>>> print(open('model21.tsv').read())   # TSV, C-alpha atoms
chain	number	residue	atom	x	y	z
W	868	MET	CA	19.05	-4.12	-26.72
W	869	VAL	CA	16.11	-6.43	-25.88
W	870	SER	CA	12.92	-5.38	-27.66
W	871	LYS	CA	9.83	-4.44	-25.63
W	872	LYS	CA	8.02	-7.47	-27.06
W	873	TRP	CA	10.63	-9.94	-25.78
W	874	LEU	CA	10.91	-8.13	-22.47
W	875	GLY	CA	7.13	-8.45	-22.01
W	876	LEU	CA	7.12	-12.12	-23.01
W	877	GLY	CA	10.08	-12.82	-20.71
W	878	LEU	CA	8.34	-11.20	-17.74
W	879	MET	CA	5.18	-13.19	-18.46
W	880	ALA	CA	7.19	-16.41	-18.67
W	881	ILE	CA	8.91	-15.69	-15.32
W	882	PHE	CA	5.51	-14.92	-13.79
W	883	ALA	CA	4.02	-18.16	-15.17
W	884	VAL	CA	6.93	-20.28	-13.91
W	885	ALA	CA	6.82	-18.63	-10.48
W	886	THR	CA	3.07	-19.28	-10.28
W	887	ILE	CA	3.53	-22.97	-11.20
W	888	ILE	CA	6.27	-23.33	-8.57
W	889	SER	CA	4.02	-21.68	-5.98
W	890	LEU	CA	1.19	-24.07	-6.89
W	891	ALA	CA	3.55	-27.03	-6.60
W	892	MET	CA	4.50	-25.78	-3.12
W	893	GLY	CA	0.83	-26.02	-2.13
W	894	HIS	CA	-0.15	-22.34	-2.21
W	895	SER	CA	-3.91	-22.00	-2.65
W	896	PHE	CA	-3.91	-18.42	-4.02
W	897	SER	CA	-6.99	-17.54	-2.01
W	898	GLY	CA	-8.31	-14.06	-2.76
W	899	VAL	CA	-7.08	-11.23	-0.57
W	900	ASP	CA	-10.69	-9.98	-0.27
W	901	GLU	CA	-11.69	-13.29	1.34
W	902	ILE	CA	-8.68	-13.17	3.68
W	903	VAL	CA	-9.58	-9.65	4.83
W	904	ASN	CA	-13.29	-10.47	5.13
W	905	VAL	CA	-12.52	-13.47	7.35
W	906	GLU	CA	-10.24	-11.36	9.56
W	907	ILE	CA	-12.58	-8.39	9.71
W	908	ASN	CA	-15.68	-10.50	10.32
W	909	GLN	CA	-14.98	-10.77	14.07
W	910	LEU	CA	-14.95	-6.98	14.37
W	911	SER	CA	-18.06	-6.84	12.22
W	912	ILE	CA	-19.92	-9.29	14.48
W	913	ALA	CA	-18.87	-7.23	17.50
W	914	ALA	CA	-20.28	-4.14	15.75
W	915	GLY	CA	-23.64	-5.86	15.32
W	916	ALA	CA	-23.28	-7.11	11.73
W	917	GLY	CA	-21.38	-10.05	10.23
W	918	GLU	CA	-20.90	-11.81	6.94
W	919	ARG	CA	-23.97	-13.65	5.69
W	920	ASP	CA	-25.14	-15.51	2.61
W	921	PRO	CA	-26.03	-13.38	-0.41
W	922	PHE	CA	-29.67	-12.30	-0.68
W	923	ILE	CA	-29.95	-14.09	-4.01
W	924	ASN	CA	-28.04	-17.36	-3.87
W	925	THR	CA	-27.19	-18.35	-7.43
W	926	ASP	CA	-25.11	-21.31	-6.32
W	927	GLN	CA	-27.88	-23.83	-6.97
W	928	GLY	CA	-27.39	-26.58	-9.53
W	929	ASN	CA	-26.88	-25.16	-13.01
W	930	LEU	CA	-28.64	-21.88	-12.24
W	931	LEU	CA	-25.48	-19.81	-12.58
W	932	LEU	CA	-24.65	-21.47	-15.89
W	933	PHE	CA	-28.15	-20.72	-17.14
W	934	LEU	CA	-27.95	-17.10	-16.00
W	935	PHE	CA	-24.63	-16.63	-17.79
W	936	LEU	CA	-26.07	-18.17	-20.93
W	937	LEU	CA	-29.09	-15.88	-20.73
W	938	SER	CA	-26.91	-12.82	-20.09
W	939	GLY	CA	-24.63	-13.74	-22.98
W	940	LEU	CA	-27.64	-14.08	-25.23
W	941	VAL	CA	-29.11	-10.71	-24.27
W	942	VAL	CA	-25.76	-8.90	-24.45
W	943	GLY	CA	-24.89	-10.65	-27.72
W	944	PHE	CA	-28.12	-9.52	-29.36
W	945	TYR	CA	-27.65	-5.98	-28.06
W	946	LEU	CA	-24.04	-5.90	-29.26
W	947	GLY	CA	-25.19	-7.13	-32.66
W	948	TYR	CA	-27.88	-4.46	-32.76
W	949	GLN	CA	-25.33	-1.74	-31.91
W	950	TRP	CA	-22.54	-3.25	-34.04
W	951	ARG	CA	-22.31	-0.43	-36.57
W	952	GLY	CA	-22.43	2.20	-33.86
W	953	ILE	CA	-19.49	0.60	-32.09
W	954	PHE	CA	-17.30	-0.60	-34.95
W	955	GLY	CA	-18.51	1.52	-37.88
W	956	LYS	CA	-19.98	0.42	-41.18
W	957	THR	CA	-18.14	-2.25	-43.13
W	958	GLU	CA	-17.69	-0.05	-46.22
W	959	GLU	CA	-16.14	2.67	-44.04
W	960	ARG	CA	-13.55	0.28	-42.71
W	961	LEU	CA	-12.57	-1.12	-46.12
L	1217	MET	CA	-11.79	-4.44	-2.22
L	1218	HIS	CA	-15.15	-6.19	-2.42
L	1219	ILE	CA	-16.67	-5.93	1.03
L	1220	ALA	CA	-18.82	-9.02	1.49
L	1221	GLU	CA	-22.56	-9.05	2.13
L	1222	GLY	CA	-23.46	-8.32	5.75
L	1223	ILE	CA	-20.08	-7.03	6.91
L	1224	LEU	CA	-21.25	-3.43	7.32
L	1225	PRO	CA	-23.68	-2.40	10.11
L	1226	THR	CA	-26.97	-0.93	8.84
L	1227	GLN	CA	-26.23	2.75	9.53
L	1228	TRP	CA	-22.92	2.50	7.71
L	1229	TRP	CA	-24.09	0.71	4.59
L	1230	LEU	CA	-26.96	3.19	4.37
L	1231	THR	CA	-24.51	6.10	4.69
L	1232	TYR	CA	-22.14	4.72	2.06
L	1233	SER	CA	-25.04	3.89	-0.25
L	1234	GLY	CA	-26.45	7.42	0.12
L	1235	VAL	CA	-23.14	9.05	-0.81
L	1236	ALA	CA	-22.66	6.59	-3.68
L	1237	ALA	CA	-26.20	7.32	-4.95
L	1238	VAL	CA	-25.39	11.05	-5.18
L	1239	LEU	CA	-22.19	10.26	-7.06
L	1240	VAL	CA	-23.98	7.88	-9.42
L	1241	ALA	CA	-26.72	10.46	-10.09
L	1242	LYS	CA	-24.11	13.10	-10.95
L	1243	GLY	CA	-22.38	10.56	-13.18
L	1244	LEU	CA	-25.61	9.81	-15.03
L	1245	VAL	CA	-26.25	13.52	-15.66
L	1246	ASP	CA	-22.72	13.93	-17.04
L	1247	TYR	CA	-23.14	10.74	-19.09
L	1248	GLN	CA	-26.31	12.17	-20.66
L	1249	LYS	CA	-24.60	15.47	-21.51
L	1250	LYS	CA	-21.55	13.80	-23.02
L	1251	SER	CA	-23.68	11.34	-24.99
L	1252	GLU	CA	-25.61	14.21	-26.57
L	1253	LYS	CA	-22.35	15.84	-27.63
L	1254	TRP	CA	-20.77	12.63	-28.92
L	1255	PRO	CA	-23.12	9.67	-29.60
L	1256	MET	CA	-20.30	7.11	-29.57
L	1257	PHE	CA	-19.84	7.92	-25.89
L	1258	LYS	CA	-22.70	5.55	-25.06
L	1259	GLN	CA	-21.16	2.53	-26.73
L	1260	LEU	CA	-17.75	3.31	-25.32
L	1261	THR	CA	-19.25	3.54	-21.83
L	1262	GLY	CA	-20.83	0.13	-22.32
L	1263	VAL	CA	-17.61	-1.47	-23.53
L	1264	LEU	CA	-15.57	0.07	-20.70
L	1265	THR	CA	-18.17	-0.96	-18.11
L	1266	ALA	CA	-17.73	-4.52	-19.32
L	1267	GLY	CA	-13.97	-3.93	-19.02
L	1268	VAL	CA	-14.31	-2.73	-15.41
L	1269	PHE	CA	-16.50	-5.77	-14.67
L	1270	ILE	CA	-13.83	-8.16	-15.93
L	1271	ILE	CA	-10.75	-6.33	-14.62
L	1272	SER	CA	-12.15	-5.82	-11.11
L	1273	LEU	CA	-12.98	-9.50	-10.90
L	1274	MET	CA	-9.96	-11.12	-12.49
L	1275	PRO	CA	-7.93	-12.88	-9.78
L	1276	ILE	CA	-4.21	-12.61	-10.44
L	1277	PRO	CA	-1.99	-14.86	-8.31
L	1278	VAL	CA	1.04	-13.34	-6.64
L	1279	PRO	CA	3.80	-15.96	-6.72
L	1280	GLY	CA	5.62	-16.37	-3.44
L	1281	LEU	CA	2.76	-15.04	-1.33
L	1282	GLY	CA	0.24	-17.73	-2.26
L	1283	SER	CA	-2.62	-15.25	-2.45
L	1284	SER	CA	-4.38	-13.51	-5.29
L	1285	SER	CA	-6.12	-10.24	-5.92
L	1286	HIS	CA	-7.48	-8.15	-8.76
L	1287	PRO	CA	-6.84	-4.72	-10.25
L	1288	GLY	CA	-9.55	-2.04	-10.26
L	1289	GLY	CA	-9.78	-0.83	-13.85
L	1290	THR	CA	-11.46	2.41	-12.79
L	1291	PRO	CA	-8.36	4.65	-13.00
L	1292	LEU	CA	-8.27	3.94	-16.74
L	1293	ALA	CA	-12.05	4.26	-17.05
L	1294	ALA	CA	-12.00	7.61	-15.23
L	1295	ILE	CA	-9.20	8.97	-17.41
L	1296	LEU	CA	-11.16	8.07	-20.54
L	1297	MET	CA	-14.77	8.71	-19.56
L	1298	GLY	CA	-14.38	11.29	-16.78
L	1299	PRO	CA	-14.28	10.98	-12.98
L	1300	THR	CA	-18.05	11.15	-12.46
L	1301	VAL	CA	-19.24	8.85	-15.26
L	1302	VAL	CA	-17.12	6.10	-13.75
L	1303	ALA	CA	-19.53	5.99	-10.76
L	1304	PRO	CA	-22.53	4.49	-12.62
L	1305	MET	CA	-20.11	2.29	-14.56
L	1306	SER	CA	-18.72	0.90	-11.29
L	1307	ALA	CA	-22.19	0.50	-9.80
L	1308	VAL	CA	-23.39	-1.56	-12.77
L	1309	ALA	CA	-20.26	-3.75	-12.80
L	1310	LEU	CA	-20.48	-4.33	-9.04
L	1311	LEU	CA	-24.21	-5.06	-9.18
L	1312	PHE	CA	-23.64	-7.86	-11.68
L	1313	GLN	CA	-20.72	-9.20	-9.64
L	1314	ALA	CA	-22.89	-9.23	-6.51
L	1315	LEU	CA	-25.88	-10.84	-8.22
L	1316	PHE	CA	-24.15	-13.43	-10.35
L	1317	LEU	CA	-20.96	-14.19	-8.48
L	1318	ALA	CA	-21.70	-13.33	-4.83
L	1319	HIS	CA	-18.62	-11.13	-5.02
L	1320	GLY	CA	-19.42	-8.09	-2.92
L	1321	GLY	CA	-23.06	-7.70	-1.96
L	1322	LEU	CA	-26.22	-5.64	-2.29
L	1323	THR	CA	-25.92	-3.92	1.09
L	1324	THR	CA	-22.25	-3.23	0.39
L	1325	LEU	CA	-22.87	-2.09	-3.19
L	1326	GLY	CA	-22.69	1.59	-2.19
L	1327	ALA	CA	-19.47	1.16	-0.23
L	1328	ASN	CA	-17.86	-0.83	-3.03
L	1329	THR	CA	-19.02	1.71	-5.64
L	1330	LEU	CA	-17.44	4.50	-3.62
L	1331	THR	CA	-14.21	2.54	-3.39
L	1332	LEU	CA	-13.94	1.83	-7.09
L	1333	ALA	CA	-15.28	5.14	-8.40
L	1334	LEU	CA	-14.31	7.75	-5.85
L	1335	PHE	CA	-11.04	6.38	-4.52
L	1336	GLY	CA	-9.83	4.52	-7.62
L	1337	GLY	CA	-11.42	6.61	-10.36
L	1338	LEU	CA	-11.09	10.10	-8.94
L	1339	VAL	CA	-7.58	9.60	-7.57
L	1340	GLY	CA	-6.47	8.03	-10.86
L	1341	TYR	CA	-8.01	10.90	-12.83
L	1342	LEU	CA	-6.43	13.61	-10.66
L	1343	VAL	CA	-3.01	11.96	-10.72
L	1344	PHE	CA	-3.24	11.67	-14.52
L	1345	ARG	CA	-4.12	15.35	-14.96
L	1346	LEU	CA	-1.41	16.51	-12.55
L	1347	SER	CA	1.14	14.30	-14.29
L	1348	GLN	CA	0.13	15.76	-17.65
L	1349	ARG	CA	0.76	19.26	-16.33
L	1350	SER	CA	4.23	18.25	-15.22
L	1351	GLY	CA	5.02	17.26	-18.82
L	1352	LEU	CA	5.41	13.50	-18.38
L	1353	SER	CA	4.85	11.17	-21.34
L	1354	LEU	CA	1.37	9.72	-21.86
L	1355	PHE	CA	2.57	6.27	-20.76
L	1356	ALA	CA	4.11	7.68	-17.56
L	1357	CYS	CA	0.95	9.70	-16.79
L	1358	GLY	CA	-1.22	6.59	-17.23
L	1359	ALA	CA	1.16	4.36	-15.30
L	1360	LEU	CA	1.27	6.73	-12.32
L	1361	ALA	CA	-2.51	7.12	-12.37
L	1362	GLY	CA	-3.08	3.36	-12.57
L	1363	PHE	CA	-0.58	2.60	-9.82
L	1364	LEU	CA	-1.78	5.22	-7.33
L	1365	GLY	CA	-5.45	4.71	-8.26
L	1366	ASP	CA	-5.13	1.00	-7.51
L	1367	LEU	CA	-3.52	1.67	-4.13
L	1368	ALA	CA	-6.18	4.28	-3.37
L	1369	ILE	CA	-8.91	1.66	-3.92
L	1370	TYR	CA	-7.51	-0.50	-1.14
L	1371	MET	CA	-6.87	2.47	1.12
L	1372	GLY	CA	-10.51	3.41	0.57
L	1373	THR	CA	-11.77	-0.04	1.52
L	1374	SER	CA	-9.57	-0.09	4.62
L	1375	LEU	CA	-10.88	3.34	5.64
L	1376	GLN	CA	-14.50	2.32	5.10
L	1377	LEU	CA	-14.05	-0.84	7.16
L	1378	ALA	CA	-12.16	0.98	9.93
L	1379	LEU	CA	-14.84	3.69	10.18
L	1380	ALA	CA	-17.72	1.21	10.19
L	1381	ILE	CA	-16.62	-1.66	12.40
L	1382	HIS	CA	-13.74	-0.53	14.58
L	1383	GLY	CA	-15.96	-0.89	17.67
L	1384	ASP	CA	-13.86	-0.35	20.79
L	1385	ALA	CA	-10.62	-0.71	18.88
L	1386	ASN	CA	-8.62	2.26	17.64
L	1387	ILE	CA	-9.74	3.37	14.16
L	1388	ILE	CA	-6.20	3.98	12.94
L	1389	LYS	CA	-5.09	0.59	14.22
L	1390	VAL	CA	-7.92	-1.16	12.35
L	1391	PHE	CA	-7.22	0.93	9.23
L	1392	VAL	CA	-3.50	0.15	9.23
L	1393	GLY	CA	-4.12	-3.51	10.10
L	1394	THR	CA	-6.57	-3.95	7.21
L	1395	LEU	CA	-4.36	-2.05	4.78
L	1396	MET	CA	-1.32	-4.11	5.74
L	1397	THR	CA	-3.27	-7.30	5.04
L	1398	TYR	CA	-4.04	-6.04	1.54
L	1399	MET	CA	-0.70	-4.49	0.66
L	1400	PRO	CA	1.68	-7.46	0.19
L	1401	THR	CA	-0.65	-8.88	-2.45
L	1402	GLN	CA	-1.93	-5.61	-3.82
L	1403	PHE	CA	1.32	-3.70	-4.25
L	1404	PRO	CA	2.66	-5.87	-7.10
L	1405	LEU	CA	-0.76	-5.73	-8.73
L	1406	ALA	CA	-0.78	-1.93	-8.46
L	1407	ILE	CA	2.47	-1.91	-10.45
L	1408	LEU	CA	0.80	-4.18	-13.02
L	1409	GLU	CA	-2.28	-1.95	-13.17
L	1410	GLY	CA	-0.02	1.06	-13.69
L	1411	ALA	CA	1.79	-0.61	-16.59
L	1412	PHE	CA	-1.55	-1.78	-18.05
L	1413	THR	CA	-3.12	1.69	-17.84
L	1414	GLY	CA	-0.10	3.35	-19.42
L	1415	MET	CA	0.11	0.78	-22.21
L	1416	VAL	CA	-3.58	1.01	-23.09
L	1417	LEU	CA	-3.42	4.80	-23.31
L	1418	LYS	CA	-0.26	4.66	-25.41
L	1419	TYR	CA	-1.80	2.04	-27.69
L	1420	VAL	CA	-4.99	4.03	-28.25
L	1421	ALA	CA	-2.97	7.22	-28.77
L	1422	THR	CA	-0.91	5.48	-31.43
L	1423	HIS	CA	-3.72	3.75	-33.29
L	1424	ARG	CA	-6.81	5.90	-32.64
L	1425	PRO	CA	-5.71	9.30	-31.31
L	1426	ASP	CA	-9.07	10.71	-32.42
L	1427	ILE	CA	-10.78	8.77	-29.60
L	1428	LEU	CA	-8.55	10.33	-26.95
L	1429	GLN	CA	-9.01	13.74	-28.52
L	1430	SER	CA	-12.80	13.38	-28.59
L	1431	LEU	CA	-12.77	12.35	-24.93
L	1432	GLY	CA	-10.56	15.31	-24.02
L	1433	VAL	CA	-7.75	13.08	-22.75
L	1434	ILE	CA	-5.21	14.72	-25.05
L	1435	LYS	CA	-5.23	17.95	-27.00
L	1436	SER	CA	-5.61	17.68	-30.75
L	1437	ASP	CA	-2.54	19.78	-31.54
L	1438	HIS	CA	-0.22	17.45	-29.67
L	1439	TYR	CA	-0.92	14.40	-31.77
L	1440	SER	CA	-0.44	13.79	-35.43
L	1441	LYS	CA	-3.10	11.86	-37.31
L	1442	LYS	CA	-0.48	9.45	-38.63
L	1443	PRO	CA	0.13	6.60	-36.18
L	1444	GLY	CA	3.89	6.74	-36.56
L	1445	GLU	CA	4.12	10.43	-35.81
L	1446	VAL	CA	2.51	10.50	-32.40
L	1447	SER	CA	4.09	12.89	-29.93
L	1448	GLU	CA	5.35	11.47	-26.66
L	1449	ASN	CA	3.93	14.36	-24.70
L	1450	GLY	CA	0.78	13.39	-22.87
L	1451	GLN	CA	-0.73	16.90	-22.94
>>> encode(input="model21.tsv", output="C-alpha cells")
Amino acid sequence: MVSKKWLGLGLMAIFAVATIISLAMGHSFSGVDEIVNVEINQLSIAAGAGERDPFINTDQGNLLLFLFLLSGLVVGFYLGYQWRGIFGKTEERL
Amino acid sequence: MHIAEGILPTQWWLTYSGVAAVLVAKGLVDYQKKSEKWPMFKQLTGVLTAGVFIISLMPIPVPGLGSSSHPGGTPLAAILMGPTVVAPMSAVALLFQALFLAHGGLTTLGANTLTLALFGGLVGYLVFRLSQRSGLSLFACGALAGFLGDLAIYMGTSLQLALAIHGDANIIKVFVGTLMTYMPTQFPLAILEGAFTGMVLKYVATHRPDILQSLGVIKSDHYSKKPGEVSENGQ
C-alpha cells in the first residue's frame, strides 16, 4: 500500500505538472475575484456604484516595499518580545 | 470573495459594515473573556490571524481552468478560536489586505468580514460540531467543516452581491450567475481547504492535544497525552 507521504507528494507533483502545462498553454491564472468583479461591475454601475481605485494607493514606486519592511520590523520586534509567551522558555523545552 | 472597493452602493456597504461591526464587537468581548481564562489565547489569536491573512490571500492556480483563487482559512480559525472571535481576526486580516495590497477595500471591509467570519467561520464551526456529534473522526470533522465552510464563503459573497446590485435583474439569477462564476475554480479549492483543515487538526491532536483540549475543540478524556495513543474519535 502507498504511504500517505508518497500519496501526498504524488498529488503535489501531478498538480505542479498540470500547472506548468496550463502555463505553457497560455493560461494566465487570473484571480476568480477579479473575474467576478469585472463581470459584476456593470451591474454595480447600474446600481449607482462601480469599482474605483483604492482610497490609499500604495502602488507608488517602492512605497509598498517600504511598508512591508516597516511592518516586518514592527511585527518582528513584537514577536521577539512575546517569544516566550508563544513558544515557552528555552529551559522548559529542553 | 474579496469584493473590490466601490462595488457596493452606499446603503449596502453601510448595512454590511454595521452588521459586521456588531459581530466584531461580540468577538472582541469573547476574546477578552477567553484571554483572561487562558493567557496563551492572545498569542494564538495573533498567530492564527496571520494565518488567515496569508491563507485568504494565497492564489492557488487551478490547472485546466486557467484561473486561480484562494481558500478562506476561517473554518479552521473558527473551530480553534470560536465562531465569534474569528470576526475580529477576519477584520484585521482584511484591513491589512485592503490597505497594503488593494485586495478588497475599506468600504467593502464589512461585507468581506461578514463573508469570511459569518459564512466561512460560523458554517465551518457548526459543521464541525455536528460532525463530532455524529461520531466522525477528527480528520473527517475538520475536512467536512473546511470544505463546506469554503463553499459557504463564496455563497455568502454571491448573496451579498445579488442583494446589493441586482438592480432590475432577478436576485436569484444574479446570485446563481455569480456563484456559477466562482464555483469551477472554487470547488477544487474547497476540497483542498477541507483536506488542509482536517490535516491541521489531526496534526495538532497528535502532537499537542493539550492545545485542542484547552480550546475546547476536543474533550480531555478522549485523547491520551502520549502522541502515539491518540484516539481517532473527534469528540
>>> closest_residue(input="model21.tsv", among="L:Ala1309, L:Ala1333, L:Ala1220, L:Ala1266", to="chain W", atoms="only C-alpha atoms")
L:Ala1220
>>> interface_residues(input="model21.tsv", of="chain W", to="chain L", cutoff="6 Å", atoms="all atoms listed in the file", output="ChimeraX atom specification")
/W:885-886,889,894-900,910-911,914,916-919,953
>>> write_last_selection(input="model21.tsv", atoms="C-alpha atoms", output="PDB file, in the frame of the given file")
ATOM      1  CA  ALA W 885       6.820 -18.630 -10.480  1.00  0.00           C
ATOM      2  CA  THR W 886       3.070 -19.280 -10.280  1.00  0.00           C
ATOM      3  CA  SER W 889       4.020 -21.680  -5.980  1.00  0.00           C
ATOM      4  CA  HIS W 894      -0.150 -22.340  -2.210  1.00  0.00           C
ATOM      5  CA  SER W 895      -3.910 -22.000  -2.650  1.00  0.00           C
ATOM      6  CA  PHE W 896      -3.910 -18.420  -4.020  1.00  0.00           C
ATOM      7  CA  SER W 897      -6.990 -17.540  -2.010  1.00  0.00           C
ATOM      8  CA  GLY W 898      -8.310 -14.060  -2.760  1.00  0.00           C
ATOM      9  CA  VAL W 899      -7.080 -11.230  -0.570  1.00  0.00           C
ATOM     10  CA  ASP W 900     -10.690  -9.980  -0.270  1.00  0.00           C
ATOM     11  CA  LEU W 910     -14.950  -6.980  14.370  1.00  0.00           C
ATOM     12  CA  SER W 911     -18.060  -6.840  12.220  1.00  0.00           C
ATOM     13  CA  ALA W 914     -20.280  -4.140  15.750  1.00  0.00           C
ATOM     14  CA  ALA W 916     -23.280  -7.110  11.730  1.00  0.00           C
ATOM     15  CA  GLY W 917     -21.380 -10.050  10.230  1.00  0.00           C
ATOM     16  CA  GLU W 918     -20.900 -11.810   6.940  1.00  0.00           C
ATOM     17  CA  ARG W 919     -23.970 -13.650   5.690  1.00  0.00           C
ATOM     18  CA  ILE W 953     -19.490   0.600 -32.090  1.00  0.00           C
TER      19      ILE W 953
END
>>> atom_distance(input="model21.tsv", atom1="CA of Ala1359 (chain L)", atom2="CA of Phe1391 (chain L)")
26.1 Å
>>> atom_distance(input="model21.tsv", atom1="CA of Gly1362 (chain L)", atom2="CA of Val942 (chain W)")
28.4 Å
>>> atom_distance(input="model21.tsv", atom1="CA of Phe1355 (chain L)", atom2="CA of Val1420 (chain L)")
10.9 Å
>>> closest_residue(input="model21.tsv", among="L:Leu1292, L:Val1302, L:Leu1310, L:Gly1336", to="Lys1418 (chain L)", atoms="only C-alpha atoms")
L:Leu1292
>>> decode(input="model21.tsv", residues="region 1380-1396 of chain L", atoms="N, CA and C atoms", output="short mmCIF file (atom, residue, chain, number, x, y, z; two decimals), in the first residue's frame")
data_model
loop_
_atom_site.label_atom_id
_atom_site.label_comp_id
_atom_site.auth_asym_id
_atom_site.auth_seq_id
_atom_site.Cartn_x
_atom_site.Cartn_y
_atom_site.Cartn_z
N ALA L 1380 -27.22 43.44 -3.16
CA ALA L 1380 -26.83 44.85 -3.26
C ALA L 1380 -26.98 45.44 -4.66
N ILE L 1381 -26.66 44.68 -5.68
CA ILE L 1381 -26.56 45.32 -7.00
C ILE L 1381 -27.35 44.61 -8.09
N HIS L 1382 -28.41 43.90 -7.69
CA HIS L 1382 -29.18 43.20 -8.72
C HIS L 1382 -29.94 44.17 -9.63
N GLY L 1383 -30.25 45.37 -9.10
CA GLY L 1383 -30.96 46.37 -9.90
C GLY L 1383 -32.29 45.85 -10.39
N ASP L 1384 -32.51 45.91 -11.70
CA ASP L 1384 -33.78 45.42 -12.26
C ASP L 1384 -33.74 43.92 -12.51
N ALA L 1385 -32.57 43.36 -12.43
CA ALA L 1385 -32.45 41.91 -12.70
C ALA L 1385 -32.98 41.10 -11.52
N ASN L 1386 -33.29 39.85 -11.78
CA ASN L 1386 -33.79 38.95 -10.75
C ASN L 1386 -32.65 38.61 -9.76
N ILE L 1387 -32.97 38.73 -8.46
CA ILE L 1387 -31.93 38.49 -7.44
C ILE L 1387 -31.36 37.08 -7.57
N ILE L 1388 -32.25 36.11 -7.70
CA ILE L 1388 -31.80 34.71 -7.75
C ILE L 1388 -30.92 34.48 -8.98
N LYS L 1389 -31.28 35.14 -10.08
CA LYS L 1389 -30.50 34.97 -11.30
C LYS L 1389 -29.08 35.54 -11.11
N VAL L 1390 -29.00 36.70 -10.47
CA VAL L 1390 -27.68 37.30 -10.22
C VAL L 1390 -26.89 36.43 -9.24
N PHE L 1391 -27.60 35.93 -8.21
CA PHE L 1391 -26.94 35.08 -7.21
C PHE L 1391 -26.36 33.82 -7.86
N VAL L 1392 -27.19 33.15 -8.64
CA VAL L 1392 -26.75 31.90 -9.27
C VAL L 1392 -25.65 32.19 -10.30
N GLY L 1393 -25.81 33.28 -11.05
CA GLY L 1393 -24.80 33.65 -12.06
C GLY L 1393 -23.44 33.91 -11.43
N THR L 1394 -23.45 34.66 -10.31
CA THR L 1394 -22.19 34.96 -9.62
C THR L 1394 -21.58 33.69 -9.04
N LEU L 1395 -22.43 32.90 -8.40
CA LEU L 1395 -21.95 31.66 -7.77
C LEU L 1395 -21.35 30.72 -8.82
N MET L 1396 -22.00 30.64 -9.96
CA MET L 1396 -21.52 29.74 -11.02
C MET L 1396 -20.20 30.22 -11.62
#
